[in-house]
>>> print(open('work-v9.pdb').read())   # PDB, C-alpha atoms (C1' of nucleotides)
ATOM      1  CA  MET A   1      29.721  81.439  42.065
ATOM      2  CA  LYS A   2      31.582  84.616  43.043
ATOM      3  CA  GLU A   3      35.271  84.668  43.864
ATOM      4  CA  TYR A   4      36.761  85.327  47.264
ATOM      5  CA  THR A   5      37.266  88.858  48.536
ATOM      6  CA  ASP A   6      40.681  90.284  49.370
ATOM      7  CA  LYS A   7      39.689  90.342  53.004
ATOM      8  CA  GLN A   8      38.806  86.668  52.980
ATOM      9  CA  ALA A   9      42.076  85.858  51.249
ATOM     10  CA  SER A  10      43.991  87.953  53.755
ATOM     11  CA  ILE A  11      42.484  86.239  56.793
ATOM     12  CA  ALA A  12      43.037  82.818  55.269
ATOM     13  CA  HIS A  13      46.620  83.725  54.445
ATOM     14  CA  PHE A  14      47.456  84.723  58.011
ATOM     15  CA  ALA A  15      45.606  81.707  59.373
ATOM     16  CA  LYS A  16      47.476  79.390  57.076
ATOM     17  CA  ALA A  17      50.789  80.739  58.338
ATOM     18  CA  LEU A  18      49.642  79.969  61.887
ATOM     19  CA  GLY A  19      48.359  76.533  60.942
ATOM     20  CA  HIS A  20      51.297  74.446  62.097
ATOM     21  CA  PRO A  21      52.379  73.767  65.690
ATOM     22  CA  ALA A  22      56.037  74.366  64.844
ATOM     23  CA  ARG A  23      55.259  77.869  63.656
ATOM     24  CA  ILE A  24      53.169  78.570  66.748
ATOM     25  CA  ALA A  25      56.007  77.275  68.898
ATOM     26  CA  ILE A  26      58.428  79.551  67.060
ATOM     27  CA  LEU A  27      56.242  82.589  67.709
ATOM     28  CA  HIS A  28      55.797  81.625  71.343
ATOM     29  CA  PHE A  29      59.541  81.297  71.682
ATOM     30  CA  LEU A  30      60.317  84.556  69.920
ATOM     31  CA  ALA A  31      57.972  86.311  72.305
ATOM     32  CA  SER A  32      59.552  84.783  75.402
ATOM     33  CA  GLN A  33      63.233  85.163  74.621
ATOM     34  CA  GLU A  34      65.553  88.086  74.554
ATOM     35  CA  THR A  35      68.008  86.361  72.302
ATOM     36  CA  CYS A  36      66.326  84.761  69.375
ATOM     37  CA  PHE A  37      68.967  83.389  67.070
ATOM     38  CA  PHE A  38      68.178  80.636  64.641
ATOM     39  CA  GLY A  39      70.134  78.110  66.704
ATOM     40  CA  ASP A  40      68.159  78.885  69.838
ATOM     41  CA  ILE A  41      64.928  78.320  67.981
ATOM     42  CA  HIS A  42      66.198  75.100  66.485
ATOM     43  CA  ASP A  43      67.213  73.860  69.945
ATOM     44  CA  VAL A  44      63.669  73.980  71.280
ATOM     45  CA  LEU A  45      62.010  72.353  68.284
ATOM     46  CA  PRO A  46      61.817  68.618  67.509
ATOM     47  CA  ILE A  47      62.652  69.042  63.824
ATOM     48  CA  ALA A  48      65.723  69.310  61.609
ATOM     49  CA  LYS A  49      67.313  72.677  60.979
ATOM     50  CA  ALA A  50      66.378  72.614  57.308
ATOM     51  CA  THR A  51      62.763  72.291  58.342
ATOM     52  CA  VAL A  52      63.046  75.035  60.936
ATOM     53  CA  SER A  53      64.510  77.292  58.285
ATOM     54  CA  GLN A  54      61.583  76.505  56.032
ATOM     55  CA  HIS A  55      59.017  77.357  58.698
ATOM     56  CA  LEU A  56      60.827  80.605  59.442
ATOM     57  CA  LYS A  57      60.730  81.432  55.762
ATOM     58  CA  GLU A  58      56.973  80.959  55.692
ATOM     59  CA  LEU A  59      56.443  83.133  58.730
ATOM     60  CA  LYS A  60      58.679  85.748  57.146
ATOM     61  CA  GLU A  61      56.769  85.616  53.871
ATOM     62  CA  ALA A  62      53.520  86.010  55.780
ATOM     63  CA  GLY A  63      55.082  89.113  57.310
ATOM     64  CA  LEU A  64      54.790  87.860  60.878
ATOM     65  CA  ILE A  65      58.508  87.821  61.657
ATOM     66  CA  GLN A  66      61.716  89.330  60.406
ATOM     67  CA  GLY A  67      65.299  88.167  60.423
ATOM     68  CA  ASP A  68      68.467  90.222  60.805
ATOM     69  CA  ILE A  69      71.882  88.878  59.940
ATOM     70  CA  GLU A  70      74.375  89.370  62.788
ATOM     71  CA  GLY A  71      77.776  88.077  61.926
ATOM     72  CA  PRO A  72      77.338  84.430  60.987
ATOM     73  CA  LYS A  73      74.135  84.274  63.020
ATOM     74  CA  VAL A  74      70.610  85.387  62.225
ATOM     75  CA  ARG A  75      68.482  87.095  64.808
ATOM     76  CA  TYR A  76      64.772  86.564  64.388
ATOM     77  CA  CYS A  77      62.023  88.740  65.804
ATOM     78  CA  ILE A  78      58.289  89.207  65.567
ATOM     79  CA  ASN A  79      57.333  91.918  63.091
ATOM     80  CA  LYS A  80      55.361  94.220  65.344
ATOM     81  CA  GLU A  81      53.455  96.126  62.675
ATOM     82  CA  ASN A  82      52.131  93.108  60.854
ATOM     83  CA  TRP A  83      51.594  91.323  64.120
ATOM     84  CA  GLU A  84      49.265  94.095  65.166
ATOM     85  CA  LEU A  85      47.593  93.951  61.769
ATOM     86  CA  ALA A  86      47.012  90.220  62.126
ATOM     87  CA  ARG A  87      45.631  90.719  65.622
ATOM     88  CA  VAL A  88      43.102  93.216  64.324
ATOM     89  CA  VAL A  89      42.237  91.067  61.314
ATOM     90  CA  PHE A  90      41.415  88.120  63.550
ATOM     91  CA  ALA A  91      39.609  90.186  66.159
ATOM     92  CA  ASP A  92      37.428  91.749  63.456
ATOM     93  CA  PHE A  93      36.775  88.383  61.934
ATOM     94  CA  PHE A  94      35.589  86.888  65.185
ATOM     95  CA  ASN A  95      33.477  89.920  65.891
ATOM     96  CA  ASP A  96      31.841  90.006  62.470
ATOM     97  CA  CYS A  97      31.213  86.318  62.243
ATOM     98  CA  VAL A  98      28.739  85.559  64.944
ATOM     99  CA  CYS A  99      25.497  83.737  64.492
ATOM    100  CA  LYS A 100      23.233  86.604  65.551
ATOM    101  CA  LYS A 101      21.013  85.496  68.361
ATOM    102  CA  GLY A 102      17.928  83.862  66.949
ATOM    103  CA  SER A 103      18.782  84.735  63.383
ATOM    104  CA  CYS A 104      19.411  81.196  62.309
ATOM    105  CA  GLY A 105      17.323  78.135  62.843
ATOM    106  CA  CYS A 106      19.991  75.830  64.170
ATOM    107  CA  ARG A 107      19.266  73.679  67.154
ATOM    108  CA  GLU A 108      20.649  74.978  70.394
ATOM    109  CA  GLU A 109      22.012  71.690  71.646
ATOM    110  CA  GLN A 110      25.155  70.240  70.249
ATOM    111  CA  HIS A 111      25.104  66.950  68.386
ATOM    112  CA  ASP A 112      27.499  64.878  66.309
TER
ATOM    113  CA  MET B 113      64.149  69.096  70.905
ATOM    114  CA  LYS B 114      60.964  69.160  72.956
ATOM    115  CA  GLU B 115      57.567  68.355  71.490
ATOM    116  CA  TYR B 116      54.755  70.815  71.019
ATOM    117  CA  THR B 117      52.401  71.706  73.848
ATOM    118  CA  ASP B 118      48.675  71.035  73.736
ATOM    119  CA  LYS B 119      48.080  74.748  73.579
ATOM    120  CA  GLN B 120      50.317  75.150  70.569
ATOM    121  CA  ALA B 121      48.604  72.242  68.861
ATOM    122  CA  SER B 122      45.190  73.691  69.655
ATOM    123  CA  ILE B 123      45.980  77.107  68.193
ATOM    124  CA  ALA B 124      47.511  75.555  65.093
ATOM    125  CA  HIS B 125      44.486  73.322  64.699
ATOM    126  CA  PHE B 126      42.014  76.195  64.735
ATOM    127  CA  ALA B 127      44.261  78.258  62.469
ATOM    128  CA  LYS B 128      44.536  75.425  60.003
ATOM    129  CA  ALA B 129      40.756  75.206  59.773
ATOM    130  CA  LEU B 130      40.666  78.927  58.976
ATOM    131  CA  GLY B 131      43.509  78.654  56.487
ATOM    132  CA  HIS B 132      41.508  78.557  53.274
ATOM    133  CA  PRO B 133      39.523  81.405  51.688
ATOM    134  CA  ALA B 134      36.570  79.126  50.947
ATOM    135  CA  ARG B 135      36.219  78.300  54.629
ATOM    136  CA  ILE B 136      36.492  81.954  55.603
ATOM    137  CA  ALA B 137      33.853  82.783  52.990
ATOM    138  CA  ILE B 138      31.612  80.063  54.414
ATOM    139  CA  LEU B 139      31.923  81.483  57.916
ATOM    140  CA  HIS B 140      31.301  85.015  56.664
ATOM    141  CA  PHE B 141      28.212  83.804  54.867
ATOM    142  CA  LEU B 142      26.891  81.813  57.805
ATOM    143  CA  ALA B 143      27.184  84.916  59.940
ATOM    144  CA  SER B 144      25.357  87.130  57.469
ATOM    145  CA  GLN B 145      22.438  84.912  56.508
ATOM    146  CA  GLU B 146      19.329  83.852  58.306
ATOM    147  CA  THR B 147      18.866  80.826  56.114
ATOM    148  CA  CYS B 148      22.043  78.867  55.756
ATOM    149  CA  PHE B 149      21.308  75.722  53.830
ATOM    150  CA  PHE B 150      24.012  73.871  52.007
ATOM    151  CA  GLY B 151      22.665  75.015  48.642
ATOM    152  CA  ASP B 152      22.790  78.678  49.637
ATOM    153  CA  ILE B 153      26.405  78.302  50.661
ATOM    154  CA  HIS B 154      27.259  76.474  47.463
ATOM    155  CA  ASP B 155      25.622  79.247  45.409
ATOM    156  CA  VAL B 156      28.005  81.905  46.682
ATOM    157  CA  LEU B 157      31.183  79.870  46.288
ATOM    158  CA  PRO B 158      33.174  79.311  43.095
ATOM    159  CA  ILE B 159      33.702  75.596  43.711
ATOM    160  CA  ALA B 160      31.871  72.327  43.111
ATOM    161  CA  LYS B 161      29.391  71.035  45.657
ATOM    162  CA  ALA B 162      31.589  68.066  46.512
ATOM    163  CA  THR B 163      34.340  70.481  47.457
ATOM    164  CA  VAL B 164      31.981  72.691  49.444
ATOM    165  CA  SER B 165      30.839  69.626  51.350
ATOM    166  CA  GLN B 166      34.456  68.790  52.099
ATOM    167  CA  HIS B 167      35.203  72.244  53.470
ATOM    168  CA  LEU B 168      32.075  72.125  55.605
ATOM    169  CA  LYS B 169      33.226  68.785  56.958
ATOM    170  CA  GLU B 170      36.554  70.259  57.972
ATOM    171  CA  LEU B 171      34.933  73.205  59.705
ATOM    172  CA  LYS B 172      32.613  70.800  61.470
ATOM    173  CA  GLU B 173      35.487  68.589  62.589
ATOM    174  CA  ALA B 174      37.282  71.641  63.892
ATOM    175  CA  GLY B 175      34.128  72.344  65.899
ATOM    176  CA  LEU B 176      33.533  75.742  64.329
ATOM    177  CA  ILE B 177      30.186  74.935  62.738
ATOM    178  CA  GLN B 178      27.365  72.470  63.073
ATOM    179  CA  GLY B 179      24.865  71.040  60.616
ATOM    180  CA  ASP B 180      21.250  70.056  61.199
ATOM    181  CA  ILE B 181      19.317  67.905  58.783
ATOM    182  CA  GLU B 182      15.981  69.476  57.838
ATOM    183  CA  GLY B 183      14.015  67.369  55.445
ATOM    184  CA  PRO B 184      16.250  66.749  52.466
ATOM    185  CA  LYS B 185      18.201  69.895  53.241
ATOM    186  CA  VAL B 186      20.944  70.589  55.746
ATOM    187  CA  ARG B 187      21.015  73.781  57.740
ATOM    188  CA  TYR B 188      24.483  74.913  58.769
ATOM    189  CA  CYS B 189      25.312  77.272  61.585
ATOM    190  CA  ILE B 190      28.299  78.562  63.480
ATOM    191  CA  ASN B 191      28.917  76.644  66.693
ATOM    192  CA  LYS B 192      28.743  79.462  69.200
ATOM    193  CA  GLU B 193      30.545  77.751  72.073
ATOM    194  CA  ASN B 194      33.587  76.695  70.117
ATOM    195  CA  TRP B 195      33.536  79.940  68.199
ATOM    196  CA  GLU B 196      33.915  81.772  71.473
ATOM    197  CA  LEU B 197      36.651  79.365  72.490
ATOM    198  CA  ALA B 198      38.540  80.022  69.264
ATOM    199  CA  ARG B 199      38.150  83.755  69.716
ATOM    200  CA  VAL B 200      39.711  83.550  73.165
ATOM    201  CA  VAL B 201      42.453  81.218  71.993
ATOM    202  CA  PHE B 202      43.504  83.655  69.287
ATOM    203  CA  ALA B 203      43.143  86.727  71.465
ATOM    204  CA  ASP B 204      45.343  85.129  74.137
ATOM    205  CA  PHE B 205      47.859  84.081  71.549
ATOM    206  CA  PHE B 206      48.196  87.568  70.132
ATOM    207  CA  ASN B 207      48.418  89.035  73.614
ATOM    208  CA  ASP B 208      51.068  86.597  74.815
ATOM    209  CA  CYS B 209      53.177  86.726  71.724
ATOM    210  CA  VAL B 210      54.505  90.219  71.565
ATOM    211  CA  CYS B 211      58.115  91.177  71.199
ATOM    212  CA  LYS B 212      58.426  93.059  74.492
ATOM    213  CA  LYS B 213      59.640  96.554  73.858
ATOM    214  CA  GLY B 214      63.417  96.600  73.794
ATOM    215  CA  SER B 215      63.733  92.981  74.797
ATOM    216  CA  CYS B 216      65.078  91.821  71.485
ATOM    217  CA  GLY B 217      67.846  93.227  69.386
ATOM    218  CA  CYS B 218      66.029  93.363  66.074
ATOM    219  CA  ARG B 219      66.351  96.427  63.932
ATOM    220  CA  GLU B 220      63.418  98.806  64.109
ATOM    221  CA  GLU B 221      63.116  99.440  60.394
ATOM    222  CA  GLN B 222      61.614  96.895  58.079
ATOM    223  CA  HIS B 223      63.730  95.295  55.391
ATOM    224  CA  ASP B 224      63.418  92.457  52.918
TER
ATOM    225  C1'  DT C 225       5.449  54.200  43.001
ATOM    226  C1'  DT C 226       8.112  56.979  40.188
ATOM    227  C1'  DT C 227      10.671  61.148  39.775
ATOM    228  C1'  DA C 228      13.100  65.377  41.527
ATOM    229  C1'  DT C 229      15.724  67.594  44.770
ATOM    230  C1'  DT C 230      19.395  67.828  48.092
ATOM    231  C1'  DG C 231      23.887  66.699  49.976
ATOM    232  C1'  DT C 232      27.342  63.274  51.086
ATOM    233  C1'  DT C 233      30.688  59.930  49.874
ATOM    234  C1'  DC C 234      33.853  57.595  46.626
ATOM    235  C1'  DG C 235      37.638  57.374  43.575
ATOM    236  C1'  DC C 236      40.859  59.701  41.483
ATOM    237  C1'  DA C 237      44.265  63.433  39.919
ATOM    238  C1'  DA C 238      46.966  67.399  40.709
ATOM    239  C1'  DA C 239      49.083  70.500  43.698
ATOM    240  C1'  DA C 240      50.973  71.979  48.049
ATOM    241  C1'  DA C 241      52.979  71.131  52.600
ATOM    242  C1'  DT C 242      56.151  68.766  55.521
ATOM    243  C1'  DA C 243      60.463  66.724  56.458
ATOM    244  C1'  DC C 244      65.174  65.287  55.922
ATOM    245  C1'  DG C 245      70.232  64.984  54.710
ATOM    246  C1'  DA C 246      73.681  66.819  51.904
ATOM    247  C1'  DA C 247      75.756  70.530  49.763
ATOM    248  C1'  DC C 248      76.594  75.188  49.962
ATOM    249  C1'  DA C 249      77.793  80.250  51.269
ATOM    250  C1'  DA C 250      79.224  83.516  54.669
ATOM    251  C1'  DT C 251      81.368  84.953  58.615
ATOM    252  C1'  DA C 252      84.469  84.195  62.594
ATOM    253  C1'  DA C 253      88.282  81.956  64.820
ATOM    254  C1'  DA C 254      92.707  79.656  64.881
TER
ATOM    255  C1'  DT D 255      94.992  80.753  54.968
ATOM    256  C1'  DT D 256      92.783  77.042  56.944
ATOM    257  C1'  DT D 257      89.173  75.465  59.896
ATOM    258  C1'  DA D 258      84.892  75.789  62.483
ATOM    259  C1'  DT D 259      80.383  77.691  63.108
ATOM    260  C1'  DT D 260      75.973  79.171  61.446
ATOM    261  C1'  DG D 261      71.968  79.019  58.432
ATOM    262  C1'  DT D 262      70.075  78.657  53.845
ATOM    263  C1'  DT D 263      69.168  76.237  49.691
ATOM    264  C1'  DC D 264      68.752  72.020  46.868
ATOM    265  C1'  DG D 265      66.957  67.670  45.734
ATOM    266  C1'  DT D 266      63.955  64.293  47.003
ATOM    267  C1'  DA D 267      60.385  61.460  49.358
ATOM    268  C1'  DT D 268      56.104  61.241  51.769
ATOM    269  C1'  DT D 269      51.867  62.937  53.197
ATOM    270  C1'  DT D 270      48.116  66.088  53.098
ATOM    271  C1'  DT D 271      45.129  69.221  50.816
ATOM    272  C1'  DT D 272      42.300  70.687  47.227
ATOM    273  C1'  DG D 273      39.287  69.817  43.596
ATOM    274  C1'  DC D 274      36.152  67.442  40.498
ATOM    275  C1'  DG D 275      32.610  64.264  38.458
ATOM    276  C1'  DA D 276      30.048  60.259  39.238
ATOM    277  C1'  DA D 277      27.589  57.407  42.135
ATOM    278  C1'  DC D 278      24.888  57.146  46.015
ATOM    279  C1'  DA D 279      21.283  57.781  49.942
ATOM    280  C1'  DA D 280      17.436  60.239  51.799
ATOM    281  C1'  DT D 281      13.586  62.949  51.664
ATOM    282  C1'  DA D 282       9.833  65.350  49.107
ATOM    283  C1'  DA D 283       6.800  65.864  45.236
ATOM    284  C1'  DA D 284       4.096  64.177  41.394
TER
END
>>> encode(input="work-v9.pdb", output="structure tokens")
Amino acid sequence: MKEYTDKQASIAHFAKALGHPARIAILHFLASQETCFFGDIHDVLPIAKATVSQHLKELKEAGLIQGDIEGPKVRYCINKENWELARVVFADFFNDCVCKKGSCGCREEQHD
Amino acid sequence: MKEYTDKQASIAHFAKALGHPARIAILHFLASQETCFFGDIHDVLPIAKATVSQHLKELKEAGLIQGDIEGPKVRYCINKENWELARVVFADFFNDCVCKKGSCGCREEQHD
DNA sequence: TTTATTGTTCGCAAAAATACGAACAATAAA
DNA sequence: TTTATTGTTCGTATTTTTGCGAACAATAAA
């Protein structure tokens, strides 16, 4: 009956931003390239530029990337601070959430 | 123009499953309780049982949890193997995707 | 056998996410 | 100034997600 905690909302928020292959591909690309203009990103994705722009906006709103205007172009980049924050948030989450050995009565074997 | 890789799809898939506070709350709860019946989970969430059941189904389909029928009850538990897989997938992702120092031309300071 | 208890599934409604082309604004080049 | 390049925003359509109550199935209890 209780509401969600800020921590839970925060994890879910980051996870949601990562919950689309296009956005993962964008982050992969940003990490691999030295030049990361909008056009370069668009070139490696199978979607229209309007859609790419939308995905970039979501990543920006989640704080995971930033964009700098350079002339008529826009240079995108991973936001290092929040990236590190997200890394820690996920690492903590996976560390906290473990079925302690023997603490639950679930069967060991997997089933469907 | 290229499609997404299996790895990108896999990360996005796990992230999507984690992209709702109710599902994060469920995982937190499963990790903290010794008894994890459906009813116990429902009791700590602010949503109807039909909705809880739906979220559990999604987590199950993502492979993150499993459910065992015990009498008329159902005992849920984190799926340790896939949990470990997800942990590694995210850890790798955050390690791979870093804006190498000085490799991109983004401004250092944050802006809006 | 009848009645509770426990969860899932069904059917539906509302909201959000995804995607696109067209129109637009801003800068750079001619 | 006119034209081209670069991205964003707008409007819209489609799909997916989220949520609920009601109906249902399965086991346990009376």
>>> resolve_selection(input="work-v9.pdb", expression="the PyMOL selection byres ((chain D and resi 269-274) around 9)", output="list in words")
Ile159, Ala160, Ala162 and Thr163 of chain B; DA237, DA238, DA239, DA240, DA241 and DT242 of chain C; DT268 and DG275 of chain D
>>> resolve_selection(input="work-v9.pdb", expression="the PyMOL selection byres ((chain A and resi 42) around 12)", output="short mmCIF file (atom, residue, chain, number, x, y, z; two decimals) with C-alpha atoms (C1' of nucleotides), keeping the file's coordinate frame")
data_model
loop_
_atom_site.label_atom_id
_atom_site.label_comp_id
_atom_site.auth_asym_id
_atom_site.auth_seq_id
_atom_site.Cartn_x
_atom_site.Cartn_y
_atom_site.Cartn_z
CA ALA A 22 56.04 74.37 64.84
CA ARG A 23 55.26 77.87 63.66
CA ALA A 25 56.01 77.28 68.90
CA ILE A 26 58.43 79.55 67.06
CA PHE A 29 59.54 81.30 71.68
CA LEU A 30 60.32 84.56 69.92
CA CYS A 36 66.33 84.76 69.38
CA PHE A 37 68.97 83.39 67.07
CA PHE A 38 68.18 80.64 64.64
CA GLY A 39 70.13 78.11 66.70
CA ASP A 40 68.16 78.89 69.84
CA ILE A 41 64.93 78.32 67.98
CA ASP A 43 67.21 73.86 69.94
CA VAL A 44 63.67 73.98 71.28
CA LEU A 45 62.01 72.35 68.28
CA PRO A 46 61.82 68.62 67.51
CA ILE A 47 62.65 69.04 63.82
CA ALA A 48 65.72 69.31 61.61
CA LYS A 49 67.31 72.68 60.98
CA ALA A 50 66.38 72.61 57.31
CA THR A 51 62.76 72.29 58.34
CA VAL A 52 63.05 75.04 60.94
CA SER A 53 64.51 77.29 58.28
CA GLN A 54 61.58 76.50 56.03
CA HIS A 55 59.02 77.36 58.70
CA LEU A 56 60.83 80.60 59.44
CA VAL A 74 70.61 85.39 62.22
CA TYR A 76 64.77 86.56 64.39
CA MET B 113 64.15 69.10 70.90
CA LYS B 114 60.96 69.16 72.96
"C1'" DT D 260 75.97 79.17 61.45
"C1'" DG D 261 71.97 79.02 58.43
#
>>> calpha_fit_and_write(input="work-v9.pdb", fixed="chain A", moving="chain B", output="mmCIF file with C-alpha atoms, keeping the file's coordinate frame")
data_model
loop_
_atom_site.group_PDB
_atom_site.id
_atom_site.type_symbol
_atom_site.label_atom_id
_atom_site.label_comp_id
_atom_site.auth_asym_id
_atom_site.auth_seq_id
_atom_site.Cartn_x
_atom_site.Cartn_y
_atom_site.Cartn_z
ATOM 1 C CA MET B 113 29.697 81.431 42.090
ATOM 2 C CA LYS B 114 31.522 84.609 43.054
ATOM 3 C CA GLU B 115 35.224 84.686 43.843
ATOM 4 C CA TYR B 116 36.720 85.363 47.232
ATOM 5 C CA THR B 117 37.219 88.891 48.514
ATOM 6 C CA ASP B 118 40.621 90.334 49.344
ATOM 7 C CA LYS B 119 39.647 90.360 52.979
ATOM 8 C CA GLN B 120 38.782 86.689 52.948
ATOM 9 C CA ALA B 121 42.048 85.896 51.213
ATOM 10 C CA SER B 122 43.974 87.994 53.719
ATOM 11 C CA ILE B 123 42.475 86.267 56.752
ATOM 12 C CA ALA B 124 43.031 82.844 55.224
ATOM 13 C CA HIS B 125 46.603 83.774 54.406
ATOM 14 C CA PHE B 126 47.454 84.765 57.965
ATOM 15 C CA ALA B 127 45.613 81.734 59.330
ATOM 16 C CA LYS B 128 47.493 79.431 57.019
ATOM 17 C CA ALA B 129 50.799 80.780 58.300
ATOM 18 C CA LEU B 130 49.649 80.015 61.847
ATOM 19 C CA GLY B 131 48.360 76.584 60.889
ATOM 20 C CA HIS B 132 51.285 74.480 62.055
ATOM 21 C CA PRO B 133 52.363 73.793 65.652
ATOM 22 C CA ALA B 134 56.027 74.378 64.817
ATOM 23 C CA ARG B 135 55.249 77.895 63.638
ATOM 24 C CA ILE B 136 53.148 78.596 66.715
ATOM 25 C CA ALA B 137 55.990 77.283 68.878
ATOM 26 C CA ILE B 138 58.418 79.557 67.039
ATOM 27 C CA LEU B 139 56.237 82.592 67.681
ATOM 28 C CA HIS B 140 55.779 81.635 71.329
ATOM 29 C CA PHE B 141 59.520 81.292 71.680
ATOM 30 C CA LEU B 142 60.308 84.553 69.923
ATOM 31 C CA ALA B 143 57.973 86.315 72.314
ATOM 32 C CA SER B 144 59.520 84.769 75.407
ATOM 33 C CA GLN B 145 63.215 85.139 74.648
ATOM 34 C CA GLU B 146 65.535 88.077 74.597
ATOM 35 C CA THR B 147 68.001 86.331 72.351
ATOM 36 C CA CYS B 148 66.314 84.739 69.405
ATOM 37 C CA PHE B 149 68.952 83.350 67.113
ATOM 38 C CA PHE B 150 68.173 80.614 64.669
ATOM 39 C CA GLY B 151 70.104 78.078 66.739
ATOM 40 C CA ASP B 152 68.114 78.859 69.878
ATOM 41 C CA ILE B 153 64.886 78.313 67.997
ATOM 42 C CA HIS B 154 66.154 75.085 66.491
ATOM 43 C CA ASP B 155 67.154 73.830 69.957
ATOM 44 C CA VAL B 156 63.603 73.956 71.274
ATOM 45 C CA LEU B 157 61.960 72.332 68.264
ATOM 46 C CA PRO B 158 61.764 68.615 67.480
ATOM 47 C CA ILE B 159 62.619 69.034 63.798
ATOM 48 C CA ALA B 160 65.707 69.307 61.611
ATOM 49 C CA LYS B 161 67.317 72.673 60.994
ATOM 50 C CA ALA B 162 66.392 72.609 57.318
ATOM 51 C CA THR B 163 62.761 72.290 58.322
ATOM 52 C CA VAL B 164 63.044 75.026 60.936
ATOM 53 C CA SER B 165 64.521 77.295 58.290
ATOM 54 C CA GLN B 166 61.585 76.507 56.030
ATOM 55 C CA HIS B 167 59.022 77.379 58.684
ATOM 56 C CA LEU B 168 60.843 80.613 59.447
ATOM 57 C CA LYS B 169 60.746 81.441 55.756
ATOM 58 C CA GLU B 170 56.999 80.967 55.673
ATOM 59 C CA LEU B 171 56.466 83.153 58.714
ATOM 60 C CA LYS B 172 58.700 85.764 57.140
ATOM 61 C CA GLU B 173 56.802 85.647 53.856
ATOM 62 C CA ALA B 174 53.564 86.035 55.752
ATOM 63 C CA GLY B 175 55.117 89.146 57.294
ATOM 64 C CA LEU B 176 54.813 87.891 60.857
ATOM 65 C CA ILE B 177 58.523 87.834 61.644
ATOM 66 C CA GLN B 178 61.742 89.349 60.425
ATOM 67 C CA GLY B 179 65.339 88.167 60.452
ATOM 68 C CA ASP B 180 68.511 90.204 60.849
ATOM 69 C CA ILE B 181 71.919 88.841 59.996
ATOM 70 C CA GLU B 182 74.395 89.319 62.848
ATOM 71 C CA GLY B 183 77.804 87.989 62.044
ATOM 72 C CA PRO B 184 77.348 84.368 61.077
ATOM 73 C CA LYS B 185 74.144 84.208 63.080
ATOM 74 C CA VAL B 186 70.631 85.350 62.282
ATOM 75 C CA ARG B 187 68.497 87.073 64.861
ATOM 76 C CA TYR B 188 64.769 86.562 64.409
ATOM 77 C CA CYS B 189 62.036 88.739 65.813
ATOM 78 C CA ILE B 190 58.309 89.212 65.558
ATOM 79 C CA ASN B 191 57.357 91.925 63.085
ATOM 80 C CA LYS B 192 55.384 94.224 65.338
ATOM 81 C CA GLU B 193 53.498 96.136 62.652
ATOM 82 C CA ASN B 194 52.163 93.124 60.824
ATOM 83 C CA TRP B 195 51.604 91.331 64.093
ATOM 84 C CA GLU B 196 49.285 94.122 65.119
ATOM 85 C CA LEU B 197 47.622 93.973 61.724
ATOM 86 C CA ALA B 198 47.023 90.243 62.091
ATOM 87 C CA ARG B 199 45.638 90.739 65.574
ATOM 88 C CA VAL B 200 43.111 93.245 64.265
ATOM 89 C CA VAL B 201 42.249 91.097 61.269
ATOM 90 C CA PHE B 202 41.413 88.149 63.500
ATOM 91 C CA ALA B 203 39.615 90.220 66.106
ATOM 92 C CA ASP B 204 37.430 91.783 63.402
ATOM 93 C CA PHE B 205 36.769 88.412 61.879
ATOM 94 C CA PHE B 206 35.598 86.911 65.143
ATOM 95 C CA ASN B 207 33.480 89.963 65.865
ATOM 96 C CA ASP B 208 31.830 90.018 62.447
ATOM 97 C CA CYS B 209 31.214 86.331 62.229
ATOM 98 C CA VAL B 210 28.740 85.569 64.928
ATOM 99 C CA CYS B 211 25.499 83.732 64.476
ATOM 100 C CA LYS B 212 23.208 86.567 65.571
ATOM 101 C CA LYS B 213 21.009 85.419 68.389
ATOM 102 C CA GLY B 214 17.890 83.807 66.996
ATOM 103 C CA SER B 215 18.732 84.664 63.424
ATOM 104 C CA CYS B 216 19.363 81.117 62.357
ATOM 105 C CA GLY B 217 17.297 78.037 62.899
ATOM 106 C CA CYS B 218 20.012 75.763 64.222
ATOM 107 C CA ARG B 219 19.305 73.616 67.217
ATOM 108 C CA GLU B 220 20.686 74.935 70.480
ATOM 109 C CA GLU B 221 22.096 71.661 71.739
ATOM 110 C CA GLN B 222 25.271 70.220 70.346
ATOM 111 C CA HIS B 223 25.206 66.933 68.488
ATOM 112 C CA ASP B 224 27.576 64.865 66.398
#
>>> resolve_selection(input="work-v9.pdb", expression="the PyMOL selection byres ((chain C) within 12 of (chain A))", output="number ranges by chain")
C: 241-246, 249-253
>>> closest_residue(input="work-v9.pdb", among="B:His140, B:Glu146, B:Ile181, B:Ala121", to="chain D", atoms="all atoms listed in the file")
B:Ile181
>>> closest_atom_pairs(input="work-v9.pdb", of="chain D", to="chain A", cutoff="12 Å", atoms="only C-alpha atoms (C1' of nucleotides)", output="JSON lines")
{"residue": "D:DA258", "atom": "C1'", "partner": "A:Pro72", "partner_atom": "CA", "distance": 11.6}
{"residue": "D:DT259", "atom": "C1'", "partner": "A:Pro72", "partner_atom": "CA", "distance": 7.7}
{"residue": "D:DT260", "atom": "C1'", "partner": "A:Pro72", "partner_atom": "CA", "distance": 5.5}
{"residue": "D:DG261", "atom": "C1'", "partner": "A:Lys73", "partner_atom": "CA", "distance": 7.3}
{"residue": "D:DT262", "atom": "C1'", "partner": "A:Ser53", "partner_atom": "CA", "distance": 7.2}
{"residue": "D:DT263", "atom": "C1'", "partner": "A:Ala50", "partner_atom": "CA", "distance": 8.9}
{"residue": "D:DC264", "atom": "C1'", "partner": "A:Ala50", "partner_atom": "CA", "distance": 10.7}
>>> interface_residues(input="work-v9.pdb", of="chain B", to="chain A", cutoff="8 Å", atoms="all atoms listed in the file", output="NGL selection string")
:B and (113-116 or 120-121 or 123-134 or 136-137 or 139-140 or 142-148 or 154-159 or 178-180 or 187-190 or 192 or 195 or 199 or 202-203 or 206 or 208-212 or 215-219 or 222)
